[in-house]
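Pasted below: target_31.csv, CSV, C-alpha atoms.
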chain,number,residue,atom,x,y,z
O,148,MET,CA,-2.2,-29.9,23.2
O,149,SER,CA,-3.7,-29.2,19.7
O,150,SER,CA,-2.1,-28.3,16.4
O,151,VAL,CA,-3.4,-26.9,13.2
O,152,ASN,CA,-1.6,-27.4,9.9
O,153,ILE,CA,-2.9,-25.7,6.7
O,154,HIS,CA,-1.4,-26.1,3.3
O,155,VAL,CA,-3.1,-24.1,0.5
O,156,HIS,CA,-1.9,-25.7,-2.7
O,157,GLU,CA,-1.7,-23.5,-5.7
O,158,VAL,CA,-3.0,-20.1,-4.6
O,159,THR,CA,-5.3,-18.7,-7.2
O,160,ARG,CA,-5.4,-15.2,-8.8
O,161,VAL,CA,-1.7,-14.5,-8.3
O,162,GLU,CA,0.7,-13.8,-11.2
O,163,GLY,CA,2.7,-17.0,-10.9
O,164,HIS,CA,2.5,-20.1,-8.8
O,165,GLY,CA,2.7,-20.6,-5.1
O,166,ASP,CA,1.4,-22.3,-1.9
O,167,ILE,CA,0.6,-21.0,1.5
O,168,VAL,CA,1.7,-23.0,4.6
O,169,VAL,CA,0.4,-22.3,8.1
O,170,ASN,CA,1.3,-24.2,11.2
O,171,ALA,CA,-0.1,-23.4,14.7
O,172,LYS,CA,0.2,-25.1,18.0
O,173,ASN,CA,-1.8,-24.4,21.2
O,174,GLY,CA,-3.3,-21.4,19.7
O,175,LYS,CA,0.0,-19.8,18.7
O,176,LEU,CA,1.2,-19.3,15.2
O,177,GLU,CA,4.5,-21.1,14.7
O,178,GLU,CA,5.0,-20.7,11.0
O,179,CYS,CA,3.4,-18.9,8.1
O,180,ARG,CA,5.1,-18.8,4.7
O,181,PHE,CA,4.5,-18.3,1.0
O,182,GLU,CA,6.2,-20.9,-1.1
O,183,VAL,CA,7.0,-20.1,-4.8
O,184,THR,CA,6.7,-23.4,-6.6
O,185,GLU,CA,7.5,-22.4,-10.2
O,186,ALA,CA,10.5,-24.2,-11.7
O,187,PRO,CA,13.6,-21.9,-12.0
O,188,ARG,CA,14.3,-20.8,-15.6
O,189,PHE,CA,17.9,-19.8,-15.3
O,190,PHE,CA,17.8,-16.6,-17.5
O,191,GLU,CA,21.2,-15.6,-16.1
O,192,ALA,CA,22.8,-18.7,-17.4
O,193,MET,CA,21.0,-18.4,-20.8
O,194,ALA,CA,22.4,-14.9,-21.1
O,195,ARG,CA,26.0,-16.0,-21.2
O,196,GLY,CA,27.6,-15.8,-24.6
O,197,ARG,CA,24.7,-13.8,-26.0
O,198,ARG,CA,25.3,-10.8,-28.2
O,199,TRP,CA,24.4,-7.3,-27.0
O,200,ASP,CA,21.6,-6.9,-29.5
O,201,GLU,CA,19.9,-10.1,-28.3
O,202,MET,CA,19.6,-9.3,-24.6
O,203,SER,CA,16.5,-7.2,-24.6
O,204,HIS,CA,14.6,-9.7,-26.7
O,205,LEU,CA,15.8,-12.6,-24.5
O,206,THR,CA,15.0,-10.9,-21.2
O,207,SER,CA,11.6,-9.6,-22.2
O,208,ARG,CA,10.5,-13.3,-22.1
O,209,ILE,CA,11.0,-13.3,-18.3
O,210,CYS,CA,7.5,-11.9,-18.0
O,211,GLY,CA,4.7,-11.5,-20.6
O,212,ILE,CA,3.0,-8.8,-18.5
O,213,CYS,CA,6.0,-6.6,-18.0
O,214,ALA,CA,8.0,-7.5,-21.1
O,215,ILE,CA,8.5,-3.9,-22.0
O,216,GLY,CA,9.9,-3.1,-18.6
O,217,HIS,CA,12.5,-6.0,-18.8
O,218,ALA,CA,13.4,-4.8,-22.3
O,219,ASN,CA,13.9,-1.3,-21.0
O,220,ALA,CA,16.0,-2.4,-18.0
O,221,SER,CA,18.1,-4.6,-20.4
O,222,LEU,CA,18.7,-1.7,-22.8
O,223,ASN,CA,19.6,0.6,-19.9
O,224,ALA,CA,22.2,-1.9,-18.7
O,225,THR,CA,23.8,-2.4,-22.2
O,226,GLU,CA,23.9,1.4,-22.8
O,227,ASP,CA,25.5,1.9,-19.4
O,228,ALA,CA,28.1,-0.8,-20.2
O,229,PHE,CA,28.9,0.8,-23.6
O,230,GLY,CA,28.8,4.4,-22.4
O,231,ILE,CA,25.8,5.3,-24.6
O,232,THR,CA,23.3,8.2,-23.9
O,233,PRO,CA,20.2,7.7,-26.0
O,234,SER,CA,18.4,10.6,-27.7
O,235,LYS,CA,15.5,12.5,-26.3
O,236,GLN,CA,13.3,11.0,-29.0
O,237,THR,CA,14.3,7.5,-27.9
O,238,ILE,CA,13.6,8.2,-24.3
O,239,MET,CA,10.2,9.8,-24.9
O,240,LEU,CA,9.1,6.8,-27.0
O,241,ARG,CA,10.2,4.5,-24.2
O,242,LYS,CA,8.2,6.5,-21.7
O,243,LEU,CA,5.0,6.3,-23.8
O,244,ASN,CA,5.6,2.6,-24.3
O,245,PHE,CA,6.1,2.1,-20.6
O,246,HIS,CA,2.8,3.9,-19.9
O,247,ALA,CA,1.1,1.5,-22.2
O,248,GLU,CA,2.5,-1.5,-20.2
O,249,THR,CA,1.6,0.1,-16.8
O,250,LEU,CA,-2.0,0.8,-17.9
O,251,GLN,CA,-2.6,-2.8,-19.0
O,252,SER,CA,-0.8,-4.4,-16.1
O,253,HIS,CA,-2.5,-2.3,-13.4
O,254,ILE,CA,-5.9,-2.9,-15.0
O,255,LEU,CA,-5.2,-6.6,-15.1
O,256,HIS,CA,-4.3,-6.7,-11.4
O,257,VAL,CA,-7.1,-4.5,-10.1
O,258,TYR,CA,-9.9,-5.9,-12.1
O,259,PHE,CA,-9.0,-9.5,-12.8
O,260,LEU,CA,-7.1,-10.5,-9.7
O,261,VAL,CA,-8.4,-8.2,-6.9
O,262,ALA,CA,-11.9,-7.2,-7.8
O,263,PRO,CA,-13.4,-10.7,-7.5
O,264,ASP,CA,-12.6,-10.7,-3.8
O,265,PHE,CA,-14.4,-7.5,-3.2
O,266,PHE,CA,-17.4,-8.7,-5.1
O,267,GLY,CA,-17.5,-12.1,-3.5
O,268,ALA,CA,-16.7,-14.0,-6.7
O,269,GLY,CA,-14.4,-16.9,-7.1
O,270,SER,CA,-12.7,-15.5,-10.2
O,271,VAL,CA,-13.4,-13.1,-13.0
O,272,ILE,CA,-15.5,-15.8,-14.8
O,273,PRO,CA,-18.4,-15.7,-12.3
O,274,LEU,CA,-17.8,-11.9,-12.0
O,275,ALA,CA,-18.6,-11.6,-15.7
O,276,ALA,CA,-22.0,-13.1,-15.0
O,277,SER,CA,-22.8,-11.0,-11.9
O,278,HIS,CA,-21.2,-7.7,-13.0
O,279,PRO,CA,-20.8,-7.8,-16.8
O,280,ALA,CA,-20.3,-4.0,-17.1
O,281,VAL,CA,-17.3,-4.2,-14.7
O,282,VAL,CA,-15.6,-7.0,-16.7
O,283,LEU,CA,-16.3,-5.4,-20.1
O,284,ARG,CA,-14.8,-2.1,-18.8
O,285,ALA,CA,-11.7,-4.0,-17.7
O,286,LEU,CA,-11.3,-5.7,-21.1
O,287,ARG,CA,-11.6,-2.4,-22.9
O,288,LEU,CA,-8.9,-0.8,-20.7
O,289,LYS,CA,-6.6,-3.8,-20.9
O,290,LYS,CA,-7.0,-3.8,-24.7
O,291,MET,CA,-6.2,-0.1,-24.9
O,292,GLY,CA,-2.8,-0.6,-23.2
O,293,ASN,CA,-2.0,-3.6,-25.4
O,294,ASP,CA,-3.0,-1.8,-28.6
O,295,MET,CA,-0.9,1.2,-27.6
O,296,ALA,CA,2.2,-1.0,-27.3
O,297,ASP,CA,1.4,-2.8,-30.6
O,298,ALA,CA,1.3,0.6,-32.4
O,299,LEU,CA,4.5,1.7,-30.8
O,300,CYS,CA,6.8,-1.3,-30.8
O,301,GLY,CA,5.3,-3.8,-33.2
O,302,ARG,CA,3.7,-6.3,-30.7
O,303,LYS,CA,1.3,-6.3,-27.9
O,304,VAL,CA,3.8,-8.4,-25.9
O,305,HIS,CA,7.6,-8.7,-26.3
O,306,PRO,CA,8.6,-5.4,-28.1
O,307,ILE,CA,10.7,-5.7,-31.2
O,308,SER,CA,11.2,-2.0,-32.2
O,309,MET,CA,13.0,-0.9,-29.1
O,310,ALA,CA,16.8,-1.2,-29.5
O,311,VAL,CA,20.0,-0.2,-27.9
O,312,ASN,CA,20.4,3.6,-28.6
O,313,GLY,CA,17.3,3.9,-30.7
O,314,TRP,CA,14.2,2.4,-32.3
O,315,THR,CA,14.3,0.2,-35.4
O,316,ARG,CA,11.0,1.8,-36.5
O,317,ILE,CA,9.5,5.2,-35.5
O,318,PRO,CA,5.7,5.5,-35.2
O,319,THR,CA,4.2,7.9,-37.7
O,320,LYS,CA,2.2,11.0,-36.9
O,321,LYS,CA,-1.0,9.1,-37.9
O,322,GLU,CA,-0.1,6.3,-35.5
O,323,LEU,CA,0.5,8.7,-32.6
O,324,LEU,CA,-2.8,10.5,-33.2
O,325,LYS,CA,-4.5,7.1,-33.3
O,326,ILE,CA,-3.0,6.3,-29.9
O,327,LYS,CA,-4.2,9.6,-28.6
O,328,GLN,CA,-7.7,8.8,-29.8
O,329,MET,CA,-7.6,5.4,-28.1
O,330,LEU,CA,-6.9,7.2,-24.9
O,331,LYS,CA,-9.7,9.7,-25.4
O,332,ASP,CA,-12.1,6.9,-26.1
O,333,ARG,CA,-11.4,5.3,-22.7
O,334,GLU,CA,-11.8,8.5,-20.6
O,335,GLU,CA,-15.2,7.4,-19.2
O,336,ASP,CA,-13.8,4.0,-18.4
O,337,ILE,CA,-11.0,5.5,-16.4
O,338,LEU,CA,-13.4,7.8,-14.5
O,339,GLU,CA,-15.8,4.8,-13.8
O,340,THR,CA,-12.8,2.8,-12.5
O,341,VAL,CA,-12.0,5.4,-9.9
O,342,LYS,CA,-15.7,5.6,-8.9
O,343,LEU,CA,-15.9,1.8,-8.6
O,344,ILE,CA,-12.7,1.5,-6.4
O,345,ALA,CA,-14.0,4.3,-4.2
O,346,THR,CA,-16.9,2.1,-3.2
O,347,LEU,CA,-14.7,-0.8,-2.0
O,348,LYS,CA,-13.9,-1.2,1.6
O,349,VAL,CA,-10.2,-2.0,1.9
O,350,PRO,CA,-9.2,-4.0,5.1
O,351,ASN,CA,-7.4,-1.9,7.7
O,352,PHE,CA,-4.1,-3.7,8.3
O,353,GLN,CA,-0.9,-1.9,9.1
O,354,ARG,CA,2.5,-3.4,8.5
O,355,GLN,CA,5.5,-1.1,8.5
O,356,THR,CA,8.3,-2.2,6.2
O,357,GLU,CA,10.9,-0.7,3.9
O,358,TYR,CA,9.8,0.6,0.5
O,359,VAL,CA,12.3,0.4,-2.4
O,360,SER,CA,11.7,2.0,-5.8
O,361,LEU,CA,13.3,4.3,-8.4
O,362,THR,CA,13.3,8.0,-7.8
O,363,SER,CA,14.4,11.0,-9.9
O,364,LYS,CA,16.3,14.2,-9.4
O,365,ASP,CA,13.7,16.2,-11.3
O,366,SER,CA,9.9,16.4,-11.1
O,367,GLU,CA,9.4,13.3,-13.3
O,368,TYR,CA,7.6,10.3,-11.8
O,369,PRO,CA,10.2,7.6,-12.2
O,370,TRP,CA,9.6,4.6,-14.4
O,371,ILE,CA,12.3,3.9,-17.0
O,372,ALA,CA,15.4,5.2,-15.2
O,373,GLY,CA,16.6,7.0,-12.1
O,374,ASP,CA,18.3,6.4,-8.8
O,375,ILE,CA,17.2,3.8,-6.2
O,376,LYS,CA,15.4,5.1,-3.2
O,377,ALA,CA,15.1,2.9,-0.1
O,378,SER,CA,12.8,4.5,2.5
O,379,ASP,CA,15.0,3.3,5.5
O,380,THR,CA,18.5,3.9,4.1
O,381,GLY,CA,18.4,6.7,1.4
O,382,THR,CA,19.2,7.1,-2.3
O,383,PHE,CA,21.8,5.1,-4.3
O,384,LYS,CA,23.0,5.0,-7.9
O,385,VAL,CA,21.6,2.0,-9.9
O,386,GLN,CA,25.2,0.7,-10.2
O,387,ASP,CA,25.2,0.4,-6.4
O,388,TYR,CA,22.1,-1.8,-6.4
O,389,LYS,CA,23.8,-4.4,-4.2
O,390,LYS,CA,23.8,-1.9,-1.4
O,391,VAL,CA,20.0,-2.3,-1.2
O,392,THR,CA,19.7,-6.0,-1.9
O,393,ASN,CA,21.0,-9.1,-0.2
O,394,GLU,CA,19.7,-11.8,-2.6
O,395,ARG,CA,19.7,-15.2,-1.0
O,396,ILE,CA,18.3,-18.7,-1.4
O,397,VAL,CA,15.7,-20.1,1.0
O,398,LYS,CA,14.8,-23.7,1.4
O,399,HIS,CA,11.0,-23.3,1.0
O,400,SER,CA,11.0,-21.4,-2.3
O,401,THR,CA,12.4,-21.7,-5.8
O,402,ALA,CA,12.4,-17.9,-5.9
O,403,LYS,CA,15.4,-16.2,-4.3
O,404,HIS,CA,14.6,-13.7,-1.5
O,405,THR,CA,16.1,-10.3,-1.0
O,406,GLY,CA,16.1,-7.5,1.6
O,407,CYS,CA,17.8,-4.3,2.5
O,408,SER,CA,18.0,-3.0,6.1
O,409,ARG,CA,15.2,-5.4,7.1
O,410,THR,CA,14.5,-9.1,6.2
O,411,SER,CA,12.4,-8.0,3.3
O,412,TYR,CA,11.2,-4.9,1.5
O,413,MET,CA,8.1,-3.9,-0.5
O,414,VAL,CA,8.2,-2.9,-4.2
O,415,GLY,CA,5.5,-1.9,-6.7
O,416,ALA,CA,2.9,0.8,-6.8
O,417,LEU,CA,2.6,1.4,-3.1
O,418,ALA,CA,6.4,1.7,-2.7
O,419,ARG,CA,6.6,4.1,-5.6
O,420,VAL,CA,3.8,6.3,-4.3
O,421,ASN,CA,5.2,6.3,-0.8
O,422,ASN,CA,8.6,7.3,-2.2
O,423,ASN,CA,7.5,9.7,-5.0
O,424,TYR,CA,4.1,11.1,-4.1
O,425,ALA,CA,5.2,14.7,-4.8
O,426,LYS,CA,6.1,13.7,-8.4
O,427,LEU,CA,2.5,12.5,-9.2
O,428,ASN,CA,0.6,14.8,-11.5
O,429,GLY,CA,-2.4,16.7,-10.2
O,430,THR,CA,-5.0,14.2,-11.5
O,431,ALA,CA,-3.3,11.3,-9.8
O,432,LYS,CA,-3.1,13.3,-6.5
O,433,ASP,CA,-6.8,14.1,-6.8
O,434,VAL,CA,-7.6,10.4,-7.3
O,435,ALA,CA,-5.4,9.5,-4.3
O,436,ALA,CA,-7.5,11.9,-2.2
O,437,GLN,CA,-10.8,10.4,-3.5
O,438,LEU,CA,-9.6,6.9,-2.6
O,439,GLY,CA,-8.2,7.8,0.8
O,440,LEU,CA,-4.5,7.1,0.0
O,441,LYS,CA,-2.3,9.3,2.2
O,442,VAL,CA,1.5,8.8,2.4
O,443,PRO,CA,3.3,7.3,4.1
O,444,CYS,CA,0.8,4.4,3.8
O,445,HIS,CA,1.7,1.1,5.6
O,446,ASN,CA,-1.4,-0.9,4.6
O,447,PRO,CA,-0.3,-3.5,2.0
O,448,PHE,CA,-3.9,-3.9,0.9
O,449,MET,CA,-3.7,-0.3,-0.4
O,450,ILE,CA,-1.4,-1.4,-3.2
O,451,SER,CA,-4.4,-1.8,-5.4
O,452,ILE,CA,-5.5,1.8,-4.6
O,453,ALA,CA,-1.9,2.9,-5.4
O,454,GLN,CA,-2.2,1.1,-8.8
O,455,VAL,CA,-5.4,3.1,-9.6
O,456,VAL,CA,-3.6,6.3,-8.7
O,457,GLU,CA,-0.7,5.4,-11.0
O,458,THR,CA,-3.2,4.4,-13.7
O,459,ALA,CA,-4.6,7.9,-13.6
O,460,HIS,CA,-1.1,9.4,-13.7
O,461,CYS,CA,-0.1,7.3,-16.7
O,462,TYR,CA,-3.3,8.0,-18.5
O,463,VAL,CA,-3.0,11.8,-18.2
O,464,ASP,CA,0.8,11.8,-18.8
O,465,SER,CA,0.4,9.8,-22.0
O,466,PHE,CA,-1.3,12.8,-23.6
O,467,ARG,CA,1.6,15.0,-22.6
O,468,VAL,CA,4.1,12.6,-24.0
O,469,ILE,CA,2.2,12.2,-27.3
O,470,ASP,CA,1.9,16.0,-27.7
O,471,GLU,CA,5.6,16.4,-27.1
O,472,LEU,CA,6.5,13.7,-29.6
O,473,LEU,CA,4.2,15.3,-32.2
O,474,ASP,CA,6.0,18.6,-31.7
O,475,MET,CA,9.4,16.9,-32.1
O,476,ASN,CA,8.6,15.9,-35.7
O,477,LEU,CA,10.0,12.3,-35.2
O,478,LYS,CA,12.5,11.1,-37.7
O,479,ASP,CA,14.5,7.9,-38.2
O,480,GLU,CA,17.8,8.2,-36.3
O,481,GLU,CA,20.9,6.2,-37.2
O,482,ILE,CA,21.5,3.6,-34.5
O,483,VAL,CA,25.2,3.7,-33.6
O,484,VAL,CA,26.5,1.1,-31.2
O,485,LYS,CA,30.2,0.3,-30.6
O,486,PRO,CA,30.5,-2.8,-28.4
O,487,LYS,CA,33.3,-2.9,-25.9
O,488,ALA,CA,34.3,-4.7,-22.8
O,489,GLY,CA,32.7,-3.4,-19.7
O,490,ARG,CA,30.0,-3.7,-17.1
O,491,GLY,CA,26.7,-1.9,-16.9
O,492,ALA,CA,23.6,-1.9,-14.7
O,493,GLY,CA,20.1,-0.9,-15.6
O,494,SER,CA,16.9,-0.5,-13.8
O,495,CYS,CA,13.2,0.1,-14.5
O,496,ASP,CA,10.3,0.3,-12.1
O,497,VAL,CA,7.7,-2.0,-13.7
O,498,PRO,CA,4.1,-2.1,-12.4
O,499,ARG,CA,5.0,-4.9,-9.9
O,500,GLY,CA,8.3,-3.5,-8.8
O,501,ILE,CA,11.8,-2.4,-9.4
O,502,LEU,CA,14.0,-4.5,-11.7
O,503,PHE,CA,17.8,-4.7,-11.7
O,504,HIS,CA,19.8,-6.0,-14.8
O,505,ASP,CA,23.6,-6.2,-14.5
O,506,TYR,CA,25.6,-7.2,-17.5
O,507,THR,CA,29.4,-7.8,-18.0
O,508,TYR,CA,30.5,-7.8,-21.7
O,509,ASP,CA,33.6,-9.0,-23.4
O,510,ASP,CA,35.4,-6.9,-26.1
O,511,GLN,CA,33.2,-8.6,-28.8
O,512,GLY,CA,30.0,-7.5,-27.1
O,513,ARG,CA,29.0,-10.9,-25.7
O,514,ILE,CA,27.8,-11.5,-22.2
O,515,LYS,CA,30.3,-12.9,-19.8
O,516,ASP,CA,28.1,-12.6,-16.7
O,517,ALA,CA,24.6,-11.4,-15.9
O,518,ASN,CA,22.8,-10.8,-12.7
O,519,LEU,CA,19.0,-10.2,-12.6
O,520,ILE,CA,17.1,-9.3,-9.5
O,521,ILE,CA,13.5,-9.2,-10.4
O,522,PRO,CA,10.1,-9.3,-8.5
O,523,THR,CA,8.3,-10.5,-11.6

Entire entry expressed as structure tokens:
Amino acid sequence: MSSVNIHVHEVTRVEGHGDIVVNAKNGKLEECRFEVTEAPRFFEAMARGRRWDEMSHLTSRICGICAIGHANASLNATEDAFGITPSKQTIMLRKLNFHAETLQSHILHVYFLVAPDFFGAGSVIPLAASHPAVVLRALRLKKMGNDMADALCGRKVHPISMAVNGWTRIPTKKELLKIKQMLKDREEDILETVKLIATLKVPNFQRQTEYVSLTSKDSEYPWIAGDIKASDTGTFKVQDYKKVTNERIVKHSTAKHTGCSRTSYMVGALARVNNNYAKLNGTAKDVAAQLGLKVPCHNPFMISIAQVVETAHCYVDSFRVIDELLDMNLKDEEIVVKPKAGRGAGSCDVPRGILFHDYTYDDQGRIKDANLIIPT
């Protein structure tokens, strides 16, 4: 009778901290789990008593990579609670800002966390020595996304210009044209990224699961708002998010687990592409075909391929959004907010998966209760 116990302490190249535990006995796997070892940060408790205009700035600190997404979800929740419908100008600026975040986040994951495995490197550091052109391309693309966000919302990380029902500062025509030029300058890098990923052999591993993401009633690929789509159970309003989540505490992890009709579900790029393939633009669909991504796809290793597909979508769509913003002749809009008692739910589909922010306000516009369900 033999047993094998494996404990990988501090898995590298993941966005966070975690261990892998594997126990086998007599040739049979008895246990395999991923343990999140990060200390809980209690953002829900920190939110209590906070004013409505503090929430997006507080919750953006949940994650430095998807700070714009958390700010968006927070703004959506507050606007839902107060019965606010933001202007088209506000929404279009949020879309462009979100594209900036998605571009830099996907590039970070594909190049810095995944590519070293395919090239046989321990990390991006030795990869820079063996494949300097690849790493320099990654840095240029990552910088492009961060610089776009900086021009739009005042910071590369943790936006300050986005506000409930508006923007505290509107980008100028010159700044929008500068962003457009940033994108044009990186066209060759985007094309080379697709060529590079096409040469990689992705492991063939099939694991069917449920896919949860946002979806939209129109042709727009959903990022900053929409309904919830669960591949097993259907479509739900964001306010009904608890119908697709059963958040619970597990002994082996400091992160809460959640599921829907199964014990777990998948979020992120592959879930979005599986649920919304028809809403991708033509360029993204062409990239999907080049990289062999067909929906429904049940290979979790293809999530990096889905990220490249979404990168192509966001890159091309950014030009469309910029041109529409230029045609709108942006102007400063008065930000009118009348706090009131109520409850609101907001959601965004950040690069690594769908976020839920649920706030209950008192009549002074201060948080009485907050619930955050977040994969980041």

Just the number, please: distance in Å from CA of Asn152 in chain O to CA of Lys172 in chain O, one decimal.
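These atoms are spaced 8.6 Å apart.
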
Could you check which of O:Val385, O:Ala268, O:Met413, O:Leu288 is closest to Pro447 in chain O, using only C-alpha atoms?
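For Pro447 in chain O, the nearest of the given residues is O:Met413.
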
Hey, can you check how far CA of Lys389 in chain O sits from CA of His445 in chain O?
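Between CA of Lys389 in chain O and CA of His445 in chain O the gap works out to 24.8 Å.
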
Quick one: of O:Gln386, O:Gln328, O:Asn446, O:Asn428, who's nearest to Val349 in chain O, counting all atoms listed in the file?
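Of the candidates, the smallest distance to Val349 in chain O is held by O:Asn446.
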
Between CA of Ala310 in chain O and CA of Lys327 in chain O, what is the spacing in Å?
23.6 Å

Among listed residues O:Leu347, O:Val468, O:Met329, O:Val168, nearest Val261 in chain O (using all atoms listed in the file):
O:Leu347

Counting all atoms listed in the file, what is within 7 Å of Phe229 in chain O, bar same-chain residues fewer than 3 positions away, as a ChimeraX atom specification?
/O:225-226,486-487,489

Store the residues picked out above, limited to C-alpha atoms, as a JSON list (two decimals), keeping the file's coordinate frame.
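Dumped to part_11.json:
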[["chain", "number", "residue", "atom", "x", "y", "z"],
["O", 225, "THR", "CA", 23.80, -2.40, -22.20],
["O", 226, "GLU", "CA", 23.90, 1.40, -22.80],
["O", 486, "PRO", "CA", 30.50, -2.80, -28.40],
["O", 487, "LYS", "CA", 33.30, -2.90, -25.90],
["O", 489, "GLY", "CA", 32.70, -3.40, -19.70]]

Nearest to Val456 in chain O, restricted to all atoms listed in the file and choosing among O:Leu440, O:Ala192, O:Cys300, O:Cys495, comes out as O:Leu440

Taking (7.4, -7.5, -22.0) in the file's coordinates as the center, which residues reach within 8 Å of it, counting all atoms listed in the file, put as an mmCIF file with C-alpha atoms, in the coordinates of the input?
data_model
loop_
_atom_site.group_PDB
_atom_site.id
_atom_site.type_symbol
_atom_site.label_atom_id
_atom_site.label_comp_id
_atom_site.auth_asym_id
_atom_site.auth_seq_id
_atom_site.Cartn_x
_atom_site.Cartn_y
_atom_site.Cartn_z
ATOM 1 C CA SER O 207 11.600 -9.600 -22.200
ATOM 2 C CA ARG O 208 10.500 -13.300 -22.100
ATOM 3 C CA ILE O 209 11.000 -13.300 -18.300
ATOM 4 C CA CYS O 210 7.500 -11.900 -18.000
ATOM 5 C CA GLY O 211 4.700 -11.500 -20.600
ATOM 6 C CA ILE O 212 3.000 -8.800 -18.500
ATOM 7 C CA CYS O 213 6.000 -6.600 -18.000
ATOM 8 C CA ALA O 214 8.000 -7.500 -21.100
ATOM 9 C CA ILE O 215 8.500 -3.900 -22.000
ATOM 10 C CA GLY O 216 9.900 -3.100 -18.600
ATOM 11 C CA HIS O 217 12.500 -6.000 -18.800
ATOM 12 C CA ALA O 218 13.400 -4.800 -22.300
ATOM 13 C CA GLU O 248 2.500 -1.500 -20.200
ATOM 14 C CA VAL O 304 3.800 -8.400 -25.900
ATOM 15 C CA HIS O 305 7.600 -8.700 -26.300
ATOM 16 C CA PRO O 306 8.600 -5.400 -28.100
#

Among the residues O:Glu185, O:Asp374, O:Glu471, O:Asp336, the one that comes closest to Ser494 in chain O [using all atoms listed in the file]
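Comparing O:Glu185, O:Asp374, O:Glu471, O:Asp336 against Ser494 in chain O, the winner is O:Asp374.
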
May I ask which of the residues O:Thr362, O:Ser252, O:Gln353, O:Ser203 is the closest one to Asp496 in chain O, counting only C-alpha atoms?
O:Thr362

Which residues, written as a VMD selection string, have at least one atom at most 10 Å from Asp332 in chain O, with only C-alpha atoms counted and residues fewer than 6 positions away on the same chain left out?
chain O and resid 287 to 288 291 326

For Gly163 in chain O, please output as a PDB file with C-alpha atoms, in the coordinates of the input all residues within 9 Å (counting only C-alpha atoms; exclusion window: fewer than 2 positions along the same chain).
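Result file follows (selection_10.pdb):
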ATOM      1  CA  THR O 159      -5.300 -18.700  -7.200  1.00  0.00           C
ATOM      2  CA  ARG O 160      -5.400 -15.200  -8.800  1.00  0.00           C
ATOM      3  CA  VAL O 161      -1.700 -14.500  -8.300  1.00  0.00           C
ATOM      4  CA  GLY O 165       2.700 -20.600  -5.100  1.00  0.00           C
ATOM      5  CA  VAL O 183       7.000 -20.100  -4.800  1.00  0.00           C
ATOM      6  CA  THR O 184       6.700 -23.400  -6.600  1.00  0.00           C
ATOM      7  CA  GLU O 185       7.500 -22.400 -10.200  1.00  0.00           C
ATOM      8  CA  THR O 523       8.300 -10.500 -11.600  1.00  0.00           C
TER       9      THR O 523
END

Name the residues in contact with Met239 in chain O at a cut-off of 12 Å, using only C-alpha atoms, excluding same-chain residues fewer than 6 positions from it; report them as JSON, numbers by chain.
{"O": [233, 245, 246, 299, 309, 313, 314, 317, 370, 371, 372, 464, 465, 466, 467, 468, 469, 470, 471, 472, 473, 474, 475, 477]}

Write out as a list in words each polymer residue whose atoms come within 10 Å of Glu367 in chain O, counting only C-alpha atoms; drop sequence neighbours fewer than 5 positions from it.
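My reading of the contact set: Thr362, Gly373, Asn423, Ala425, Lys426, Leu427 and Asn428 of chain O.
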
Would you mind completing range 414-424 of chain O so that it carries N, CA and C atoms, and writing it out as a tab-separated table (two decimals), keeping the file's coordinate frame?
chain	number	residue	atom	x	y	z
O	414	VAL	N	8.03	-3.58	-2.93
O	414	VAL	CA	8.20	-2.90	-4.20
O	414	VAL	C	6.85	-2.74	-4.87
O	415	GLY	N	6.80	-2.04	-5.98
O	415	GLY	CA	5.50	-1.90	-6.70
O	415	GLY	C	4.89	-0.56	-6.48
O	416	ALA	N	3.60	-0.49	-6.78
O	416	ALA	CA	2.90	0.80	-6.80
O	416	ALA	C	2.90	1.50	-5.46
O	417	LEU	N	2.67	0.78	-4.37
O	417	LEU	CA	2.60	1.40	-3.10
O	417	LEU	C	4.00	1.97	-2.68
O	418	ALA	N	5.05	1.22	-2.99
O	418	ALA	CA	6.40	1.70	-2.70
O	418	ALA	C	6.71	2.95	-3.52
O	419	ARG	N	6.34	2.95	-4.79
O	419	ARG	CA	6.60	4.10	-5.60
O	419	ARG	C	5.84	5.35	-5.13
O	420	VAL	N	4.57	5.16	-4.80
O	420	VAL	CA	3.80	6.30	-4.30
O	420	VAL	C	4.30	6.81	-3.00
O	421	ASN	N	4.65	5.91	-2.10
O	421	ASN	CA	5.20	6.30	-0.80
O	421	ASN	C	6.51	7.14	-1.02
O	422	ASN	N	7.34	6.70	-1.96
O	422	ASN	CA	8.60	7.30	-2.20
O	422	ASN	C	8.59	8.56	-3.10
O	423	ASN	N	7.53	8.66	-3.91
O	423	ASN	CA	7.50	9.70	-5.00
O	423	ASN	C	6.18	10.42	-5.08
O	424	TYR	N	5.43	10.49	-4.01
O	424	TYR	CA	4.10	11.10	-4.10
O	424	TYR	C	4.14	12.50	-4.68
